[in-house]
>>> print(open('coords-v1.tsv').read())   # TSV, C-alpha atoms and all ligand atoms
chain	number	residue	atom	x	y	z
M	386	MET	CA	17.16	-25.97	45.48
M	387	TYR	CA	20.84	-24.99	45.87
M	388	HIS	CA	19.90	-21.67	47.47
M	389	ALA	CA	17.34	-23.28	49.82
M	390	ILE	CA	19.86	-25.86	51.08
M	391	LYS	CA	22.57	-23.22	51.41
M	392	SER	CA	20.43	-20.81	53.45
M	393	LEU	CA	19.28	-23.70	55.70
M	394	LEU	CA	22.90	-24.72	56.35
M	395	MET	CA	23.97	-21.09	56.85
M	396	ARG	CA	21.20	-20.66	59.42
M	397	TYR	CA	21.92	-23.73	61.52
M	398	PHE	CA	25.63	-24.36	60.89
M	399	PRO	CA	27.10	-20.96	59.95
M	400	GLY	CA	30.67	-21.72	61.06
M	401	THR	CA	30.63	-25.25	59.71
M	402	ILE	CA	29.60	-24.33	56.18
M	403	SER	CA	32.28	-21.68	56.00
M	404	ARG	CA	34.98	-24.02	57.31
M	405	PHE	CA	33.98	-26.88	55.03
M	406	GLU	CA	32.96	-24.83	52.02
M	407	PHE	CA	35.58	-26.23	49.67
M	408	PRO	CA	35.09	-29.94	50.59
M	409	ILE	CA	31.31	-29.43	50.33
M	410	ARG	CA	31.76	-27.81	46.92
M	411	LYS	CA	33.94	-30.71	45.77
M	412	ILE	CA	30.98	-33.04	46.34
M	413	LEU	CA	28.53	-30.54	44.85
M	414	ALA	CA	30.63	-30.28	41.69
M	415	ILE	CA	29.98	-33.97	40.95
M	416	PHE	CA	26.34	-33.10	40.25
M	417	TYR	CA	27.37	-30.37	37.81
M	418	GLY	CA	29.68	-32.51	35.71
M	419	GLY	CA	29.56	-31.64	32.01
M	420	ASN	CA	31.14	-29.68	29.27
M	421	LYS	CA	28.84	-26.73	28.56
M	422	VAL	CA	30.50	-24.01	30.65
M	423	PHE	CA	33.96	-23.39	32.06
M	424	CYS	CA	35.15	-21.77	35.30
M	425	ASN	CA	38.59	-20.24	34.74
M	426	VAL	CA	39.13	-19.82	38.49
M	427	CYS	CA	38.90	-23.49	39.50
M	428	GLU	CA	39.59	-24.61	35.92
M	429	ARG	CA	36.62	-26.96	35.71
M	430	ASN	CA	34.23	-27.80	32.92
M	431	LEU	CA	30.66	-27.94	34.16
M	432	SER	CA	27.13	-28.62	32.91
M	433	HIS	CA	25.99	-25.16	34.05
M	434	PHE	CA	26.48	-22.43	36.63
M	435	ILE	CA	23.99	-21.78	39.41
M	436	TYR	CA	21.84	-18.77	38.57
M	437	HIS	CA	21.26	-16.25	41.34
M	438	ASP	CA	18.45	-13.70	41.18
M	439	THR	CA	21.00	-10.87	41.34
M	440	GLY	CA	21.85	-11.92	37.78
M	441	ASP	CA	25.06	-13.62	38.90
M	442	TYR	CA	26.20	-17.07	37.84
M	443	ILE	CA	27.84	-18.96	40.71
M	444	CYS	CA	30.37	-21.72	40.07
M	445	PRO	CA	29.15	-24.71	42.13
M	446	ALA	CA	32.71	-26.03	42.39
M	447	CYS	CA	34.50	-22.96	43.79
M	448	GLY	CA	31.79	-20.41	44.60
M	449	SER	CA	33.14	-17.75	42.22
M	450	LEU	CA	30.77	-15.19	40.73
M	451	GLY	CA	31.08	-13.78	37.22
M	452	ARG	CA	32.99	-10.75	38.47
M	453	HIS	CA	35.53	-13.00	40.22
M	454	ARG	CA	36.09	-14.98	37.03
M	455	ARG	CA	36.59	-11.70	35.13
M	456	LEU	CA	38.96	-10.43	37.81
M	457	TRP	CA	40.97	-13.63	37.57
M	458	PHE	CA	41.09	-13.25	33.81
M	459	VAL	CA	42.29	-9.60	34.08
M	460	LEU	CA	44.85	-10.57	36.71
M	461	GLN	CA	46.36	-12.97	34.19
M	462	ASP	CA	46.59	-10.17	31.68
M	463	ALA	CA	46.26	-6.38	32.20
M	464	ALA	CA	47.22	-6.37	35.87
M	465	LYS	CA	49.47	-9.41	36.04
M	466	PRO	CA	51.31	-9.02	39.34
M	467	VAL	CA	54.87	-10.30	39.65
M	468	ASN	CA	55.55	-12.79	42.41
M	469	GLU	CA	57.30	-10.32	44.68
M	470	ALA	CA	54.60	-7.66	44.32
M	471	PHE	CA	53.06	-6.32	47.50
M	472	ILE	CA	49.33	-6.78	47.07
M	473	LEU	CA	46.48	-5.58	49.27
M	474	HIS	CA	43.05	-7.07	48.64
M	475	PHE	CA	39.94	-5.62	50.29
M	476	SER	CA	37.09	-8.02	51.14
M	477	PRO	CA	38.29	-10.80	48.83
M	478	SER	CA	36.23	-13.74	47.67
M	479	LYS	CA	37.38	-16.93	49.34
M	480	ILE	CA	38.55	-18.67	46.20
M	481	ILE	CA	40.46	-15.71	44.72
M	482	GLN	CA	42.11	-15.17	48.10
M	483	LYS	CA	43.18	-18.83	48.19
M	484	LYS	CA	44.63	-18.66	44.69
M	485	LEU	CA	46.49	-15.36	45.14
M	486	LYS	CA	47.86	-16.44	48.51
M	487	ALA	CA	49.37	-19.54	46.93
M	488	LEU	CA	51.08	-17.44	44.23
M	489	HIS	CA	52.21	-14.31	46.05
M	490	PRO	CA	54.16	-14.30	49.34
M	491	ASN	CA	53.42	-10.59	49.91
M	492	TYR	CA	49.68	-10.83	49.49
M	493	THR	CA	47.59	-9.30	52.31
M	494	THR	CA	43.83	-9.47	52.71
M	495	THR	CA	41.65	-7.15	54.73
M	496	ASP	CA	38.01	-6.78	55.72
M	497	TYR	CA	36.59	-4.29	58.16
M	498	ASP	CA	33.48	-5.95	59.59
M	499	GLY	CA	35.12	-9.20	60.69
M	500	LYS	CA	32.91	-11.52	58.64
M	501	LEU	CA	35.68	-12.82	56.41
M	502	LYS	CA	38.76	-14.80	57.40
M	503	VAL	CA	41.46	-12.32	56.41
M	504	ASP	CA	44.82	-10.94	57.59
M	505	LYS	CA	43.84	-7.39	58.62
M	506	ALA	CA	40.83	-5.28	59.56
M	507	HIS	CA	41.84	-1.97	57.98
M	508	ASP	CA	39.50	0.99	58.14
M	509	ILE	CA	39.70	2.09	54.51
M	510	THR	CA	39.35	5.76	55.55
M	511	ASN	CA	42.38	5.47	57.85
M	512	ILE	CA	44.56	2.60	56.67
M	513	ASP	CA	47.21	1.37	59.05
M	514	ALA	CA	49.98	1.12	56.43
M	515	ALA	CA	52.90	3.32	55.42
M	516	TYR	CA	52.98	5.57	52.37
M	517	HIS	CA	53.82	3.69	49.15
M	518	SER	CA	53.37	0.20	50.62
M	519	PHE	CA	51.66	-1.67	47.78
M	520	ASP	CA	52.19	-2.39	44.08
M	521	LEU	CA	48.64	-3.59	43.53
M	522	ILE	CA	45.46	-2.88	45.47
M	523	ILE	CA	42.21	-4.67	44.65
M	524	CYS	CA	39.16	-2.82	45.93
M	525	TYR	CA	36.07	-4.52	44.62
M	526	HIS	CA	32.56	-3.72	45.82
M	527	VAL	CA	33.76	-1.73	48.83
M	528	LEU	CA	33.51	2.03	48.09
M	529	GLU	CA	29.73	1.94	47.73
M	530	HIS	CA	29.62	1.01	51.45
M	531	ILE	CA	31.74	3.97	52.58
M	532	ILE	CA	30.17	7.33	53.43
M	533	GLU	CA	33.54	9.15	53.42
M	534	ASP	CA	34.68	7.78	50.09
M	535	SER	CA	36.90	10.82	49.48
M	536	LYS	CA	38.96	9.88	52.56
M	537	ALA	CA	39.08	6.26	51.37
M	538	ILE	CA	40.30	7.20	47.88
M	539	SER	CA	42.92	9.50	49.35
M	540	GLU	CA	44.14	6.66	51.60
M	541	LEU	CA	44.29	4.25	48.66
M	542	TYR	CA	46.38	6.79	46.77
M	543	ARG	CA	48.67	7.31	49.76
M	544	ILE	CA	49.52	3.62	50.29
M	545	LEU	CA	49.97	2.81	46.58
M	546	ARG	CA	53.50	2.92	45.21
M	547	VAL	CA	54.36	5.21	42.32
M	548	GLY	CA	53.87	3.06	39.23
M	549	GLY	CA	51.43	0.84	41.12
M	550	MET	CA	47.85	0.02	40.25
M	551	LEU	CA	44.52	0.13	42.03
M	552	MET	CA	41.68	-1.98	40.60
M	553	VAL	CA	38.25	-0.68	41.48
M	554	GLN	CA	34.79	-1.95	40.81
M	555	THR	CA	31.38	-1.12	42.31
M	556	PRO	CA	27.84	-1.54	41.01
M	557	PHE	CA	27.26	1.20	38.41
M	558	LYS	CA	24.30	3.11	37.04
M	559	GLU	CA	23.90	5.43	34.08
M	560	GLY	CA	24.06	9.19	34.54
M	561	GLU	CA	25.18	10.80	37.80
M	562	ILE	CA	26.21	9.30	41.13
M	563	TYR	CA	23.19	8.90	43.37
M	564	GLU	CA	23.82	9.44	47.07
M	565	ASP	CA	21.68	10.77	49.89
M	566	PHE	CA	23.06	10.30	53.40
M	567	THR	CA	19.69	10.99	54.99
M	568	ILE	CA	18.64	7.54	53.75
M	569	GLN	CA	19.89	5.39	56.60
M	570	SER	CA	17.40	2.56	57.09
M	571	SER	CA	18.16	-0.86	55.62
M	572	GLU	CA	14.90	-0.76	53.68
M	573	GLY	CA	15.64	2.69	52.27
M	574	ARG	CA	19.17	1.79	51.29
M	575	LYS	CA	18.01	-1.41	49.60
M	576	LYS	CA	15.32	0.51	47.75
M	577	TYR	CA	17.48	3.41	46.58
M	578	PHE	CA	20.99	1.96	46.45
M	579	GLY	CA	20.30	-1.72	45.74
M	580	GLN	CA	21.56	-3.27	48.99
M	581	GLU	CA	20.89	-2.79	52.74
M	582	ASP	CA	24.42	-1.60	53.48
M	583	HIS	CA	25.16	0.51	50.39
M	584	VAL	CA	25.26	4.29	50.80
M	585	ARG	CA	25.28	5.32	47.12
M	586	ILE	CA	25.26	4.10	43.54
M	587	TYR	CA	28.15	5.35	41.45
M	588	SER	CA	28.13	6.04	37.78
M	589	ILE	CA	31.31	5.08	35.98
M	590	GLN	CA	32.10	8.68	35.06
M	591	GLY	CA	31.22	9.90	38.56
M	592	LEU	CA	33.58	7.45	40.26
M	593	ARG	CA	36.21	8.11	37.65
M	594	ASN	CA	36.04	11.85	38.43
M	595	ARG	CA	36.43	11.22	42.16
M	596	LEU	CA	39.45	8.97	41.57
M	597	GLU	CA	41.04	11.49	39.19
M	598	ASP	CA	40.42	14.31	41.68
M	599	HIS	CA	42.76	12.46	44.05
M	600	GLY	CA	45.52	12.10	41.46
M	601	PHE	CA	44.86	8.70	39.88
M	602	LEU	CA	45.18	8.17	36.13
M	603	VAL	CA	42.11	6.11	35.34
M	604	GLU	CA	41.50	3.68	32.50
M	605	GLU	CA	38.18	1.93	32.11
M	606	LEU	CA	38.24	-1.69	31.01
M	607	PHE	CA	34.86	-2.41	29.47
M	608	PHE	CA	33.72	-5.91	28.60
M	609	GLU	CA	30.63	-7.01	26.73
M	610	GLU	CA	29.67	-10.64	26.22
M	611	LYS	CA	28.01	-11.08	22.86
M	612	LYS	CA	27.05	-14.74	22.69
M	613	GLY	CA	27.51	-18.01	24.46
M	614	ASN	CA	28.82	-16.64	27.72
M	615	TYR	CA	30.76	-19.82	28.24
M	616	MET	CA	32.35	-18.51	31.45
M	617	GLY	CA	29.16	-17.15	33.07
M	618	LEU	CA	30.40	-13.55	33.04
M	619	LYS	CA	28.37	-10.38	33.51
M	620	LEU	CA	26.99	-9.36	30.13
M	621	LYS	CA	28.35	-5.84	30.58
M	622	GLU	CA	31.10	-5.11	33.04
M	623	SER	CA	33.55	-2.31	33.75
M	624	ILE	CA	36.69	-2.27	35.86
M	625	LEU	CA	38.56	0.94	36.64
M	626	LEU	CA	42.35	0.54	36.49
M	627	CYS	CA	43.86	3.45	38.41
M	628	ARG	CA	47.55	4.23	38.18
M	629	LYS	CA	49.70	6.46	40.33
M	630	SER	CA	52.43	8.21	38.38
P	1	ZN	ZN	34.94	-22.47	39.78
>>> encode(input="coords-v1.tsv", output="structure tokens")
Amino acid sequence: MYHAIKSLLMRYFPGTISRFEFPIRKILAIFYGGNKVFCNVCERNLSHFIYHDTGDYICPACGSLGRHRRLWFVLQDAAKPVNEAFILHFSPSKIIQKKLKALHPNYTTTDYDGKLKVDKAHDITNIDAAYHSFDLIICYHVLEHIIEDSKAISELYRILRVGGMLMVQTPFKEGEIYEDFTIQSSEGRKKYFGQEDHVRIYSIQGLRNRLEDHGFLVEELFFEEKKGNYMGLKLKESILLCRKS
């Protein structure tokens, strides 16, 4: 029901739903009142999350997915940025962007295809920023869209400060990276890479190797939810924390 109403609204009122997303969600949250699950991003107790057929659990109150809730959790802990930190966030979710913007004066958001309301439209393979500009870069679910990922990783390394951290996540598979640039149709990419605009599927080790080849020191944070899943997180999830020394 939620998805049907949302796609109807997106079709006929695309700008309106985006502009009024948070007020609409405030009303929506009333119907999900309860105490069975908890969203750590909007800090609400709820009866349940909305299940999406990608396996994600969406918070009705703020729109966060499991990976956003995990990111928020990690940002409170392993990657806690200080207030003055210069942060660059690629293609951010709306709610995480709102929260980080309120906390950090030097927080910049960017998205290349113009669909998100952000500060910049950096081409990740040729970033318009000086060497050593950022203390923290968040690059979630971006590299799997980029054919020249080697250029992108080298740019991320260039603009990160020594001692800074890059947080990377993409969809992952077991084994080797799978990429084939002759597959260019939307149907082919969806079939082989899982989404119409993905150009590969990384494996954790494969992406780790590519990041290390460019000089990053990489640590994998691996999470596994055993029971309950009170916060609607992915059952298995990895984040690559990449440091520049
Ligand atoms: Zn929420």
>>> residues_near_ligand(input="coords-v1.tsv", ligand="ligand ZN 1 (chain P)", cutoff="8 Å", atoms="only C-alpha atoms and all ligand atoms", output="ChimeraX atom specification")
/M:423-429,443-449
>>> write_last_selection(input="coords-v1.tsv", atoms="C-alpha atoms", output="PDB file, in the frame of the given file")
ATOM      1  CA  PHE M 423      33.960 -23.390  32.060  1.00  0.00           C
ATOM      2  CA  CYS M 424      35.150 -21.770  35.300  1.00  0.00           C
ATOM      3  CA  ASN M 425      38.590 -20.240  34.740  1.00  0.00           C
ATOM      4  CA  VAL M 426      39.130 -19.820  38.490  1.00  0.00           C
ATOM      5  CA  CYS M 427      38.900 -23.490  39.500  1.00  0.00           C
ATOM      6  CA  GLU M 428      39.590 -24.610  35.920  1.00  0.00           C
ATOM      7  CA  ARG M 429      36.620 -26.960  35.710  1.00  0.00           C
ATOM      8  CA  ILE M 443      27.840 -18.960  40.710  1.00  0.00           C
ATOM      9  CA  CYS M 444      30.370 -21.720  40.070  1.00  0.00           C
ATOM     10  CA  PRO M 445      29.150 -24.710  42.130  1.00  0.00           C
ATOM     11  CA  ALA M 446      32.710 -26.030  42.390  1.00  0.00           C
ATOM     12  CA  CYS M 447      34.500 -22.960  43.790  1.00  0.00           C
ATOM     13  CA  GLY M 448      31.790 -20.410  44.600  1.00  0.00           C
ATOM     14  CA  SER M 449      33.140 -17.750  42.220  1.00  0.00           C
TER      15      SER M 449
END
>>> closest_residue(input="coords-v1.tsv", among="M:Arg593, M:Lys483, M:His474, M:Arg585", to="His507 (chain M)", atoms="all atoms listed in the file")
M:His474
>>> atom_distance(input="coords-v1.tsv", atom1="CA of Leu541 (chain M)", atom2="CA of Asn491 (chain M)")
17.5 Å
>>> atom_distance(input="coords-v1.tsv", atom1="CA of Arg455 (chain M)", atom2="CA of Cys627 (chain M)")
17.1 Å
>>> closest_residue(input="coords-v1.tsv", among="M:Asp582, M:Asp520, M:Glu605, M:Glu529", to="Glu469 (chain M)", atoms="only C-alpha atoms")
M:Asp520
>>> atom_distance(input="coords-v1.tsv", atom1="CA of Gly600 (chain M)", atom2="CA of Arg543 (chain M)")
10.1 Å
>>> residues_around(input="coords-v1.tsv", residues="Ile544 (chain M)", least_positions_apart="3", cutoff="9 Å", atoms="all atoms listed in the file", output="PDB file with C-alpha atoms, keeping the file's coordinate frame")
ATOM      1  CA  ILE M 512      44.560   2.600  56.670  1.00  0.00           C
ATOM      2  CA  ALA M 514      49.980   1.120  56.430  1.00  0.00           C
ATOM      3  CA  ALA M 515      52.900   3.320  55.420  1.00  0.00           C
ATOM      4  CA  TYR M 516      52.980   5.570  52.370  1.00  0.00           C
ATOM      5  CA  HIS M 517      53.820   3.690  49.150  1.00  0.00           C
ATOM      6  CA  SER M 518      53.370   0.200  50.620  1.00  0.00           C
ATOM      7  CA  PHE M 519      51.660  -1.670  47.780  1.00  0.00           C
ATOM      8  CA  SER M 539      42.920   9.500  49.350  1.00  0.00           C
ATOM      9  CA  GLU M 540      44.140   6.660  51.600  1.00  0.00           C
ATOM     10  CA  LEU M 541      44.290   4.250  48.660  1.00  0.00           C
TER      11      LEU M 541
END
>>> closest_residue(input="coords-v1.tsv", among="M:Leu450, M:Ile415, M:Ile568, M:Leu602", to="Ile532 (chain M)", atoms="all atoms listed in the file")
M:Ile568
>>> closest_residue(input="coords-v1.tsv", among="M:Ile480, M:Ala414, M:Ile509, M:Ile472", to="Tyr497 (chain M)", atoms="all atoms listed in the file")
M:Ile509
>>> closest_residue(input="coords-v1.tsv", among="M:Ser571, M:Ser535, M:Gly451, M:Leu528", to="Thr439 (chain M)", atoms="all atoms listed in the file")
M:Gly451
>>> closest_residue(input="coords-v1.tsv", among="M:Gly419, M:Gly440, M:Pro466, M:Gly579", to="Met550 (chain M)", atoms="all atoms listed in the file")
M:Pro466
>>> axis_aligned_box(input="coords-v1.tsv", around="region 471-482 of chain M", padding_each_side="4 Å", output="lines of an AutoDock Vina configuration file")
center_x = 44.6
center_y = -12.1
center_z = 47.9
size_x = 24.8
size_y = 21.1
size_z = 14.4
>>> residues_around(input="coords-v1.tsv", residues="region 556-563 of chain M", least_positions_apart="3", cutoff="8 Å", atoms="only C-alpha atoms", output="count of residues only")
11
>>> decode(input="coords-v1.tsv", residues="region 456-482 of chain M", atoms="N, CA, C and O atoms", output="tab-separated table (two decimals), in the first residue's frame")
chain	number	residue	atom	x	y	z
M	456	LEU	N	25.02	3.59	9.11
M	456	LEU	CA	25.98	4.68	8.90
M	456	LEU	C	25.90	5.68	10.06
M	456	LEU	O	26.92	6.12	10.59
M	457	TRP	N	24.68	6.00	10.46
M	457	TRP	CA	24.51	6.96	11.55
M	457	TRP	C	25.13	6.42	12.84
M	457	TRP	O	25.79	7.14	13.58
M	458	PHE	N	24.92	5.15	13.05
M	458	PHE	CA	25.48	4.46	14.21
M	458	PHE	C	27.02	4.52	14.17
M	458	PHE	O	27.67	4.88	15.15
M	459	VAL	N	27.62	4.23	13.01
M	459	VAL	CA	29.09	4.24	12.87
M	459	VAL	C	29.62	5.66	13.02
M	459	VAL	O	30.68	5.88	13.59
M	460	LEU	N	28.86	6.62	12.50
M	460	LEU	CA	29.29	8.02	12.62
M	460	LEU	C	29.29	8.51	14.07
M	460	LEU	O	29.95	9.48	14.39
M	461	GLN	N	28.54	7.84	14.91
M	461	GLN	CA	28.56	8.20	16.34
M	461	GLN	C	29.76	7.56	17.03
M	461	GLN	O	30.07	7.89	18.16
M	462	ASP	N	30.38	6.61	16.32
M	462	ASP	CA	31.38	5.79	16.99
M	462	ASP	C	32.71	5.79	16.22
M	462	ASP	O	33.53	6.69	16.39
M	463	ALA	N	32.90	4.83	15.33
M	463	ALA	CA	34.21	4.65	14.68
M	463	ALA	C	34.67	5.85	13.88
M	463	ALA	O	35.87	6.10	13.75
M	464	ALA	N	33.75	6.59	13.30
M	464	ALA	CA	34.17	7.69	12.42
M	464	ALA	C	33.69	9.04	12.95
M	464	ALA	O	33.50	9.97	12.19
M	465	LYS	N	33.50	9.13	14.24
M	465	LYS	CA	32.89	10.34	14.79
M	465	LYS	C	33.64	11.61	14.36
M	465	LYS	O	34.78	11.87	14.76
M	466	PRO	N	33.01	12.42	13.50
M	466	PRO	CA	33.70	13.63	13.05
M	466	PRO	C	33.57	14.76	14.08
M	466	PRO	O	32.53	14.90	14.72
M	467	VAL	N	34.66	15.51	14.24
M	467	VAL	CA	34.57	16.67	15.14
M	467	VAL	C	33.81	17.78	14.41
M	467	VAL	O	33.69	17.76	13.19
M	468	ASN	N	33.33	18.74	15.17
M	468	ASN	CA	32.46	19.76	14.58
M	468	ASN	C	33.11	20.55	13.46
M	468	ASN	O	32.46	20.92	12.50
M	469	GLU	N	34.42	20.79	13.60
M	469	GLU	CA	35.09	21.62	12.59
M	469	GLU	C	35.55	20.80	11.38
M	469	GLU	O	36.13	21.36	10.45
M	470	ALA	N	35.33	19.50	11.41
M	470	ALA	CA	35.83	18.66	10.31
M	470	ALA	C	35.23	19.08	8.97
M	470	ALA	O	34.05	19.45	8.89
M	471	PHE	N	36.07	19.00	7.94
M	471	PHE	CA	35.58	19.25	6.58
M	471	PHE	C	35.11	17.90	6.03
M	471	PHE	O	35.90	16.95	5.92
M	472	ILE	N	33.82	17.86	5.73
M	472	ILE	CA	33.21	16.58	5.32
M	472	ILE	C	32.63	16.72	3.91
M	472	ILE	O	31.97	17.71	3.61
M	473	LEU	N	32.89	15.72	3.08
M	473	LEU	CA	32.27	15.67	1.76
M	473	LEU	C	31.44	14.40	1.68
M	473	LEU	O	31.94	13.31	1.95
M	474	HIS	N	30.19	14.55	1.30
M	474	HIS	CA	29.26	13.42	1.27
M	474	HIS	C	28.67	13.27	-0.13
M	474	HIS	O	27.98	14.17	-0.61
M	475	PHE	N	28.99	12.16	-0.79
M	475	PHE	CA	28.47	11.89	-2.12
M	475	PHE	C	27.06	11.31	-2.04
M	475	PHE	O	26.81	10.38	-1.25
M	476	SER	N	26.16	11.83	-2.86
M	476	SER	CA	24.80	11.31	-3.00
M	476	SER	C	24.18	10.92	-1.66
M	476	SER	O	23.83	9.75	-1.44
M	477	PRO	N	24.03	11.87	-0.77
M	477	PRO	CA	23.55	11.54	0.59
M	477	PRO	C	22.05	11.26	0.62
M	477	PRO	O	21.31	11.76	-0.23
M	478	SER	N	21.63	10.49	1.60
M	478	SER	CA	20.19	10.36	1.83
M	478	SER	C	19.74	11.68	2.45
M	478	SER	O	20.51	12.37	3.12
M	479	LYS	N	18.47	11.99	2.20
M	479	LYS	CA	17.95	13.29	2.64
M	479	LYS	C	18.06	13.49	4.16
M	479	LYS	O	18.47	14.53	4.64
M	480	ILE	N	17.73	12.45	4.88
M	480	ILE	CA	17.67	12.61	6.34
M	480	ILE	C	19.07	12.70	6.95
M	480	ILE	O	19.32	13.51	7.85
M	481	ILE	N	20.02	11.90	6.43
M	481	ILE	CA	21.38	11.97	6.98
M	481	ILE	C	22.00	13.32	6.63
M	481	ILE	O	22.70	13.94	7.43
M	482	GLN	N	21.71	13.79	5.42
M	482	GLN	CA	22.20	15.11	5.02
M	482	GLN	C	21.67	16.19	5.98
M	482	GLN	O	22.43	17.05	6.45
